[in-house]
Each structure stands twice: as C-alpha cells, then as structure tokens.
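See below for structure_32.pdb, which holds PDB, C-alpha atoms.
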ATOM      1  CA  MET A   1      54.535-138.641  46.792  1.00  0.00           C
ATOM      2  CA  SER A   2      53.388-141.500  48.985  1.00  0.00           C
ATOM      3  CA  GLY A   3      51.458-141.038  52.219  1.00  0.00           C
ATOM      4  CA  PHE A   4      54.532-142.115  54.146  1.00  0.00           C
ATOM      5  CA  GLU A   5      56.709-139.524  52.374  1.00  0.00           C
ATOM      6  CA  PHE A   6      54.129-136.822  53.094  1.00  0.00           C
ATOM      7  CA  PHE A   7      53.885-137.781  56.753  1.00  0.00           C
ATOM      8  CA  PHE A   8      57.622-138.142  57.248  1.00  0.00           C
ATOM      9  CA  GLY A   9      58.318-134.851  55.481  1.00  0.00           C
ATOM     10  CA  PHE A  10      56.032-133.059  57.937  1.00  0.00           C
ATOM     11  CA  PHE A  11      57.312-135.001  60.908  1.00  0.00           C
ATOM     12  CA  GLY A  12      60.967-134.733  59.863  1.00  0.00           C
ATOM     13  CA  LEU A  13      60.745-130.984  59.423  1.00  0.00           C
ATOM     14  CA  ILE A  14      59.793-130.472  63.059  1.00  0.00           C
ATOM     15  CA  LEU A  15      62.424-132.957  64.259  1.00  0.00           C
ATOM     16  CA  GLY A  16      64.977-131.201  62.068  1.00  0.00           C
ATOM     17  CA  LEU A  17      64.107-127.901  63.705  1.00  0.00           C
ATOM     18  CA  SER A  18      64.837-129.539  67.064  1.00  0.00           C
ATOM     19  CA  VAL A  19      68.315-130.435  65.857  1.00  0.00           C
ATOM     20  CA  VAL A  20      68.830-126.917  64.494  1.00  0.00           C
ATOM     21  CA  GLU A  21      67.744-125.450  67.826  1.00  0.00           C
ATOM     22  CA  VAL A  22      70.437-127.373  69.728  1.00  0.00           C
ATOM     23  CA  ILE A  23      73.173-126.815  67.148  1.00  0.00           C
ATOM     24  CA  THR A  24      72.366-123.091  66.989  1.00  0.00           C
ATOM     25  CA  GLY A  25      72.659-122.951  70.773  1.00  0.00           C
ATOM     26  CA  PHE A  26      76.071-124.602  70.558  1.00  0.00           C
ATOM     27  CA  GLY A  27      77.127-122.069  67.944  1.00  0.00           C
ATOM     28  CA  LYS A  28      76.031-119.087  70.034  1.00  0.00           C
ATOM     29  CA  VAL A  29      77.882-120.454  73.048  1.00  0.00           C
ATOM     30  CA  LEU A  30      81.056-121.081  71.066  1.00  0.00           C
ATOM     31  CA  ARG A  31      80.998-117.507  69.741  1.00  0.00           C
ATOM     32  CA  ARG A  32      80.746-116.214  73.318  1.00  0.00           C
ATOM     33  CA  ARG A  33      83.103-118.725  74.960  1.00  0.00           C
ATOM     34  CA  ASP A  34      85.482-115.970  76.086  1.00  0.00           C
ATOM     35  CA  ARG A  35      82.750-114.396  78.260  1.00  0.00           C
ATOM     36  CA  LEU A  36      80.798-117.476  79.250  1.00  0.00           C
ATOM     37  CA  ARG A  37      81.492-120.435  81.518  1.00  0.00           C
ATOM     38  CA  LEU A  38      80.427-123.464  79.538  1.00  0.00           C
ATOM     39  CA  GLY A  39      80.776-126.237  82.108  1.00  0.00           C
ATOM     40  CA  TRP A  40      80.070-129.896  81.331  1.00  0.00           C
ATOM     41  CA  VAL A  41      76.422-130.566  82.005  1.00  0.00           C
ATOM     42  CA  THR A  42      74.898-128.346  79.315  1.00  0.00           C
ATOM     43  CA  PRO A  43      77.015-129.765  76.451  1.00  0.00           C
ATOM     44  CA  LEU A  44      76.295-133.296  77.693  1.00  0.00           C
ATOM     45  CA  LEU A  45      72.576-132.510  77.851  1.00  0.00           C
ATOM     46  CA  ALA A  46      72.722-131.084  74.326  1.00  0.00           C
ATOM     47  CA  LEU A  47      74.497-134.185  73.026  1.00  0.00           C
ATOM     48  CA  PHE A  48      71.958-136.438  74.745  1.00  0.00           C
ATOM     49  CA  VAL A  49      69.051-134.548  73.142  1.00  0.00           C
ATOM     50  CA  LEU A  50      70.679-134.694  69.690  1.00  0.00           C
ATOM     51  CA  LEU A  51      71.345-138.433  70.001  1.00  0.00           C
ATOM     52  CA  ASP A  52      67.834-139.131  71.257  1.00  0.00           C
ATOM     53  CA  VAL A  53      66.193-137.156  68.441  1.00  0.00           C
ATOM     54  CA  ALA A  54      68.386-138.933  65.865  1.00  0.00           C
ATOM     55  CA  SER A  55      67.556-142.297  67.415  1.00  0.00           C
ATOM     56  CA  PHE A  56      63.837-141.572  67.386  1.00  0.00           C
ATOM     57  CA  TRP A  57      64.012-140.315  63.797  1.00  0.00           C
ATOM     58  CA  SER A  58      65.825-143.472  62.710  1.00  0.00           C
ATOM     59  CA  ILE A  59      63.483-145.854  64.535  1.00  0.00           C
ATOM     60  CA  SER A  60      60.423-144.024  63.199  1.00  0.00           C
ATOM     61  CA  TRP A  61      61.725-144.287  59.640  1.00  0.00           C
ATOM     62  CA  VAL A  62      62.040-148.062  59.970  1.00  0.00           C
ATOM     63  CA  ARG A  63      58.759-148.659  61.845  1.00  0.00           C
ATOM     64  CA  MET A  64      56.577-146.437  59.700  1.00  0.00           C
ATOM     65  CA  GLN A  65      57.584-147.447  56.156  1.00  0.00           C
ATOM     66  CA  GLY A  66      54.370-149.290  55.395  1.00  0.00           C
ATOM     67  CA  VAL A  67      52.017-147.080  57.389  1.00  0.00           C
ATOM     68  CA  GLU A  68      49.379-144.989  55.684  1.00  0.00           C
ATOM     69  CA  PRO A  69      49.101-141.758  57.642  1.00  0.00           C
ATOM     70  CA  SER A  70      45.845-140.764  59.269  1.00  0.00           C
ATOM     71  CA  TYR A  71      44.822-137.590  61.013  1.00  0.00           C
ATOM     72  CA  LEU A  72      45.368-139.312  64.394  1.00  0.00           C
ATOM     73  CA  LEU A  73      48.857-140.388  63.348  1.00  0.00           C
ATOM     74  CA  LEU A  74      49.662-136.837  62.216  1.00  0.00           C
ATOM     75  CA  LEU A  75      48.502-135.469  65.575  1.00  0.00           C
ATOM     76  CA  ILE A  76      50.575-138.009  67.506  1.00  0.00           C
ATOM     77  CA  GLY A  77      53.594-137.245  65.326  1.00  0.00           C
ATOM     78  CA  LEU A  78      53.034-133.523  65.842  1.00  0.00           C
ATOM     79  CA  ALA A  79      52.828-134.017  69.610  1.00  0.00           C
ATOM     80  CA  ILE A  80      56.032-136.076  69.738  1.00  0.00           C
ATOM     81  CA  ALA A  81      58.019-133.805  67.424  1.00  0.00           C
ATOM     82  CA  GLY A  82      56.612-130.715  69.154  1.00  0.00           C
ATOM     83  CA  VAL A  83      57.690-131.964  72.579  1.00  0.00           C
ATOM     84  CA  TYR A  84      61.159-132.727  71.204  1.00  0.00           C
ATOM     85  CA  TYR A  85      61.332-129.208  69.772  1.00  0.00           C
ATOM     86  CA  LEU A  86      60.279-127.613  73.069  1.00  0.00           C
ATOM     87  CA  ALA A  87      62.845-129.676  74.975  1.00  0.00           C
ATOM     88  CA  ALA A  88      65.563-128.799  72.453  1.00  0.00           C
ATOM     89  CA  SER A  89      64.705-125.110  72.693  1.00  0.00           C
ATOM     90  CA  LEU A  90      65.423-125.179  76.443  1.00  0.00           C
ATOM     91  CA  VAL A  91      68.911-126.706  76.295  1.00  0.00           C
ATOM     92  CA  PHE A  92      70.640-123.327  75.773  1.00  0.00           C
ATOM     93  CA  PRO A  93      69.486-119.855  76.887  1.00  0.00           C
ATOM     94  CA  ASP A  94      68.236-117.331  74.336  1.00  0.00           C
ATOM     95  CA  ASP A  95      69.999-114.482  76.130  1.00  0.00           C
ATOM     96  CA  LEU A  96      73.530-115.556  76.955  1.00  0.00           C
ATOM     97  CA  ASP A  97      74.199-112.265  78.746  1.00  0.00           C
ATOM     98  CA  ALA A  98      71.598-113.178  81.351  1.00  0.00           C
ATOM     99  CA  TRP A  99      73.409-116.446  82.114  1.00  0.00           C
ATOM    100  CA  PRO A 100      77.167-116.037  82.590  1.00  0.00           C
ATOM    101  CA  SER A 101      77.321-119.704  83.627  1.00  0.00           C
ATOM    102  CA  LEU A 102      75.561-122.358  81.578  1.00  0.00           C
ATOM    103  CA  ASP A 103      75.619-124.624  84.622  1.00  0.00           C
ATOM    104  CA  GLU A 104      73.160-122.297  86.355  1.00  0.00           C
ATOM    105  CA  PHE A 105      70.903-122.289  83.307  1.00  0.00           C
ATOM    106  CA  TYR A 106      71.101-126.083  83.243  1.00  0.00           C
ATOM    107  CA  ASP A 107      70.042-126.273  86.900  1.00  0.00           C
ATOM    108  CA  GLY A 108      66.890-124.301  86.145  1.00  0.00           C
ATOM    109  CA  HIS A 109      65.932-126.041  82.911  1.00  0.00           C
ATOM    110  CA  LYS A 110      67.146-129.643  83.074  1.00  0.00           C
ATOM    111  CA  ARG A 111      63.801-130.966  84.339  1.00  0.00           C
ATOM    112  CA  TRP A 112      61.980-129.426  81.400  1.00  0.00           C
ATOM    113  CA  VAL A 113      64.437-130.831  78.873  1.00  0.00           C
ATOM    114  CA  ILE A 114      64.695-134.317  80.395  1.00  0.00           C
ATOM    115  CA  GLY A 115      60.950-134.359  81.081  1.00  0.00           C
ATOM    116  CA  GLY A 116      60.260-133.413  77.470  1.00  0.00           C
ATOM    117  CA  VAL A 117      62.480-136.198  76.170  1.00  0.00           C
ATOM    118  CA  TRP A 118      60.818-138.638  78.573  1.00  0.00           C
ATOM    119  CA  ILE A 119      57.339-137.581  77.367  1.00  0.00           C
ATOM    120  CA  ALA A 120      58.383-137.838  73.707  1.00  0.00           C
ATOM    121  CA  LYS A 121      59.912-141.287  74.293  1.00  0.00           C
ATOM    122  CA  THR A 122      56.834-142.515  76.137  1.00  0.00           C
ATOM    123  CA  LEU A 123      54.462-141.140  73.494  1.00  0.00           C
ATOM    124  CA  SER A 124      56.493-142.661  70.685  1.00  0.00           C
ATOM    125  CA  HIS A 125      56.714-146.085  72.299  1.00  0.00           C
ATOM    126  CA  THR A 126      53.101-146.139  73.395  1.00  0.00           C
ATOM    127  CA  ALA A 127      50.783-143.976  71.294  1.00  0.00           C
ATOM    128  CA  LEU A 128      52.696-144.148  68.023  1.00  0.00           C
ATOM    129  CA  LEU A 129      53.450-147.864  68.278  1.00  0.00           C
ATOM    130  CA  GLY A 130      49.853-148.562  69.329  1.00  0.00           C
ATOM    131  CA  VAL A 131      48.440-146.743  66.315  1.00  0.00           C
ATOM    132  CA  VAL A 132      50.962-148.226  63.881  1.00  0.00           C
ATOM    133  CA  GLY A 133      51.060-151.814  65.143  1.00  0.00           C
ATOM    134  CA  GLY A 134      47.994-152.188  67.305  1.00  0.00           C
ATOM    135  CA  VAL A 135      47.616-153.629  70.778  1.00  0.00           C
ATOM    136  CA  ASP A 136      49.573-156.797  69.973  1.00  0.00           C
ATOM    137  CA  ALA A 137      52.617-154.819  68.788  1.00  0.00           C
ATOM    138  CA  LEU A 138      52.368-152.596  71.851  1.00  0.00           C
ATOM    139  CA  ARG A 139      52.199-155.585  74.205  1.00  0.00           C
ATOM    140  CA  ALA A 140      55.086-157.326  72.423  1.00  0.00           C
ATOM    141  CA  PHE A 141      57.211-154.178  72.596  1.00  0.00           C
ATOM    142  CA  TRP A 142      56.663-153.475  76.298  1.00  0.00           C
ATOM    143  CA  THR A 143      57.225-157.107  77.332  1.00  0.00           C
ATOM    144  CA  SER A 144      60.353-157.758  75.252  1.00  0.00           C
ATOM    145  CA  PRO A 145      63.745-158.193  76.968  1.00  0.00           C
ATOM    146  CA  ALA A 146      65.226-155.493  74.704  1.00  0.00           C
ATOM    147  CA  THR A 147      62.663-152.979  75.947  1.00  0.00           C
ATOM    148  CA  LEU A 148      63.396-153.947  79.548  1.00  0.00           C
ATOM    149  CA  ILE A 149      67.098-153.256  78.970  1.00  0.00           C
ATOM    150  CA  VAL A 150      66.338-149.873  77.421  1.00  0.00           C
ATOM    151  CA  VAL A 151      63.902-148.912  80.159  1.00  0.00           C
ATOM    152  CA  LEU A 152      66.357-149.896  82.901  1.00  0.00           C
ATOM    153  CA  TRP A 153      69.301-148.192  81.175  1.00  0.00           C
ATOM    154  CA  VAL A 154      67.543-144.959  80.204  1.00  0.00           C
ATOM    155  CA  PHE A 155      64.634-144.100  82.473  1.00  0.00           C
ATOM    156  CA  PRO A 156      66.224-144.339  85.964  1.00  0.00           C
ATOM    157  CA  PRO A 157      69.085-141.933  85.116  1.00  0.00           C
ATOM    158  CA  MET A 158      66.610-139.545  83.489  1.00  0.00           C
ATOM    159  CA  LEU A 159      64.574-139.519  86.698  1.00  0.00           C
ATOM    160  CA  ALA A 160      67.730-139.136  88.794  1.00  0.00           C
ATOM    161  CA  ILE A 161      68.885-136.153  86.712  1.00  0.00           C
ATOM    162  CA  CYS A 162      65.587-134.444  87.485  1.00  0.00           C
ATOM    163  CA  LEU A 163      65.914-135.107  91.225  1.00  0.00           C
ATOM    164  CA  VAL A 164      69.658-134.846  91.942  1.00  0.00           C
ATOM    165  CA  ARG A 165      71.201-131.375  92.207  1.00  0.00           C
ATOM    166  CA  ASN A 166      74.847-132.411  92.165  1.00  0.00           C
ATOM    167  CA  ARG A 167      76.297-131.416  88.767  1.00  0.00           C
ATOM    168  CA  ILE A 168      79.001-134.082  88.829  1.00  0.00           C
ATOM    169  CA  ALA A 169      76.365-136.752  89.419  1.00  0.00           C
ATOM    170  CA  ASN A 170      74.284-135.206  86.620  1.00  0.00           C
ATOM    171  CA  ALA A 171      77.295-135.256  84.272  1.00  0.00           C
ATOM    172  CA  VAL A 172      77.907-138.938  85.076  1.00  0.00           C
ATOM    173  CA  MET A 173      74.250-139.803  84.442  1.00  0.00           C
ATOM    174  CA  LEU A 174      74.227-137.849  81.172  1.00  0.00           C
ATOM    175  CA  ALA A 175      77.402-139.670  80.102  1.00  0.00           C
ATOM    176  CA  TRP A 176      75.651-142.956  80.990  1.00  0.00           C
ATOM    177  CA  LEU A 177      72.691-141.978  78.791  1.00  0.00           C
ATOM    178  CA  ILE A 178      75.002-140.997  75.934  1.00  0.00           C
ATOM    179  CA  MET A 179      76.774-144.332  76.285  1.00  0.00           C
ATOM    180  CA  PHE A 180      73.439-146.035  75.548  1.00  0.00           C
ATOM    181  CA  TYR A 181      73.490-144.565  72.035  1.00  0.00           C
ATOM    182  CA  VAL A 182      77.145-145.511  71.536  1.00  0.00           C
ATOM    183  CA  VAL A 183      76.408-149.108  72.562  1.00  0.00           C
ATOM    184  CA  ARG A 184      73.269-149.138  70.402  1.00  0.00           C
ATOM    185  CA  LEU A 185      75.285-147.959  67.413  1.00  0.00           C
ATOM    186  CA  ALA A 186      77.944-150.610  68.029  1.00  0.00           C
ATOM    187  CA  PHE A 187      75.361-153.401  68.044  1.00  0.00           C
ATOM    188  CA  LEU A 188      73.269-152.113  65.152  1.00  0.00           C
ATOM    189  CA  SER A 189      76.114-151.417  62.740  1.00  0.00           C
TER     190      SER A 189
END
Could you spell out this file's structure in structure tokens?
Amino acid sequence: MSGFEFFFGFFGLILGLSVVEVITGFGKVLRRRDRLRLGWVTPLLALFVLLDVASFWSISWVRMQGVEPSYLLLLIGLAIAGVYYLAASLVFPDDLDAWPSLDEFYDGHKRWVIGGVWIAKTLSHTALLGVVGGVDALRAFWTSPATLIVVLWVFPPMLAICLVRNRIANAVMLAWLIMFYVVRLAFLS
C-alpha cells in the first residue's frame, strides 16, 4: 500500500461517513413522510452537501496522487473531513418527532451546515493546497480566473443563506449552488 493509498483510505472513510450521514437522514425522513412536513430547503441543503463532498473527494483524488502523506497532511485532512462530517450530521434531525417540520429544523441549523462547508472548502483550498503544492501553487490557485468564478458563484450565496431568513430565497440560493455542480460536471465530462 502506497502512502497515498493509506492517506486516502483514512481520509475517504471519514468523507464516506459524511455521505452516509446525509443519506441515512434522507432515509429516515422518507420512512416518516406521512407524519412529517419535508419542505424544499432541507432536501436542497442535503443535495448541496452531498455534491460538495463528492466534488471535494474528486478534486482531492486528482491533486494528491503524487503526495507523500505527512503528519501535518493527515491532521489537515482530518480537520477537513471532520468538518464535513459535522456539517453533514446537522442536515437532518436525529429525533424526527421533535421536528414535525424540517423547514423549522433547517432554520435553526442552516448556518452550522453552510458554515461547516465553507470552513471545509476554505481549509481545502488554502491549507491542503499550501501543504501539497507550496506557496506558488496557493498563489496561482487564488489568483486564477477559474477560482474567481468559483468564489463569486459559490461564496456569496452561502453567506446569503446564513443571513437571509426567507425560505424561498434560501431555496433559490441552494438551487443556484447545486447548479454550480451541474455546470461543473457538464464542462468536465
């Protein structure tokens, strides 16, 4: 087993648990759909988290192929994957009986989920890239036109979701964020 395989196995396990957390939440909700108001914002938030984790996983796989893991890299990977897991664990409530409307749960937890994704994204594009590629790679990444497009497409709606209480506006912004991954897939395939 190579160092990369060891690192990615550890890292991927935690990211995989994040995916399981969201999918399990979906499953619990679907089993209780007759007694629960699902709404739109929670499923959109769940889809956004799943797409973002998958995107990060994919990008990490490509960027880290030739990297020999170090203790620092393991800690950064643990921090990123751990933040993703915490965010994913807050998309759906543990006790569905305590939340007859998922929209109300969303209102109370959206900042934690979106904030967690924002922290994970920032850590991955700063700390991880800095350790893997050095200062030059970090500077090239943050000054590239592609990064500017991503930052302008993704970060303002994430901030707005945290600040705006209107659920329709939140649903539109979540759909906008999801569209980013659809467009990304269209151009990368």
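Distance-wise, atom CA of Val113 of chain A and atom CA of Leu163 of chain A end up 13.2 Å apart.
Here atom CA of Thr122 of chain A is placed at a distance of 23.0 Å from atom CA of Phe187 of chain A.
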Taking all atoms listed in the file into account, name the residue in A:Leu138, A:Val151, A:Leu174, A:Leu73 that is nearest to Leu44 of chain A.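 For Leu44 of chain A, the nearest of the given residues is A:Leu174.
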Quote the spacing between atom CA of Arg184 of chain A and atom CA of Gly115 of chain A in Å to one decimal place.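 Separating atom CA of Arg184 of chain A from atom CA of Gly115 of chain A is a distance of 22.0 Å.
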Top pick for closest residue to Asp103 of chain A, considering A:Val135, A:Ala171, A:Ile59, A:Leu152 and counting only C-alpha atoms: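 Of A:Val135, A:Ala171, A:Ile59, A:Leu152, the one nearest Asp103 of chain A is A:Ala171, counting only C-alpha atoms.
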How would you write, as an MDAnalysis selection string, the residues chosen by the PyMOL selection byres ((chain A and resi 70) around 12) on this structure? chainID A and resid 3:4 6:7 67:69 71:77 128 131:132
Could those residues be written to a file, using C-alpha atoms, as an mmCIF file, in the frame of the given file?
data_model
loop_
_atom_site.group_PDB
_atom_site.id
_atom_site.type_symbol
_atom_site.label_atom_id
_atom_site.label_comp_id
_atom_site.auth_asym_id
_atom_site.auth_seq_id
_atom_site.Cartn_x
_atom_site.Cartn_y
_atom_site.Cartn_z
ATOM 1 C CA GLY A 3 51.458 -141.038 52.219
ATOM 2 C CA PHE A 4 54.532 -142.115 54.146
ATOM 3 C CA PHE A 6 54.129 -136.822 53.094
ATOM 4 C CA PHE A 7 53.885 -137.781 56.753
ATOM 5 C CA VAL A 67 52.017 -147.080 57.389
ATOM 6 C CA GLU A 68 49.379 -144.989 55.684
ATOM 7 C CA PRO A 69 49.101 -141.758 57.642
ATOM 8 C CA TYR A 71 44.822 -137.590 61.013
ATOM 9 C CA LEU A 72 45.368 -139.312 64.394
ATOM 10 C CA LEU A 73 48.857 -140.388 63.348
ATOM 11 C CA LEU A 74 49.662 -136.837 62.216
ATOM 12 C CA LEU A 75 48.502 -135.469 65.575
ATOM 13 C CA ILE A 76 50.575 -138.009 67.506
ATOM 14 C CA GLY A 77 53.594 -137.245 65.326
ATOM 15 C CA LEU A 128 52.696 -144.148 68.023
ATOM 16 C CA VAL A 131 48.440 -146.743 66.315
ATOM 17 C CA VAL A 132 50.962 -148.226 63.881
#
Hits of the PyMOL selection byres ((chain A and resi 26) around 12) in this structure, as JSON, numbers by chain: {"A": [19, 20, 21, 22, 23, 24, 25, 27, 28, 29, 30, 31, 32, 33, 38, 42, 43, 44, 45, 46, 47, 50, 88, 89, 91, 92, 93, 94, 96, 102]}
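With only C-alpha atoms as the atoms that count, the minimum distance from Leu17 of chain A to the choices A:Trp40, A:Tyr85, A:Phe105, A:Leu51 is reached by A:Tyr85.
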For this structure, which residues satisfy the selection - the PyMOL selection byres ((chain A and resi 82) around 12) - when it is evaluated on the file as given? I want them as an MDAnalysis selection string. chainID A and resid 10:18 53 74:81 83:89 116:117 119:120 123
For Asp52 of chain A, please output as a PyMOL selection string all residues within 9 Å (counting all atoms listed in the file; exclusion window: fewer than 6 positions along the same chain). chain A and resi 117+121+178+181
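The shortest atom-to-atom distance to Ile114 of chain A, with all atoms listed in the file taken into account, belongs to A:Phe48 out of A:Gly66, A:Phe48, A:Ala127, A:Ser60.
Taking all atoms listed in the file into account, Met158 of chain A lies nearest to A:Val49 out of the set A:Val49, A:Val183, A:Asp95, A:Ser58.
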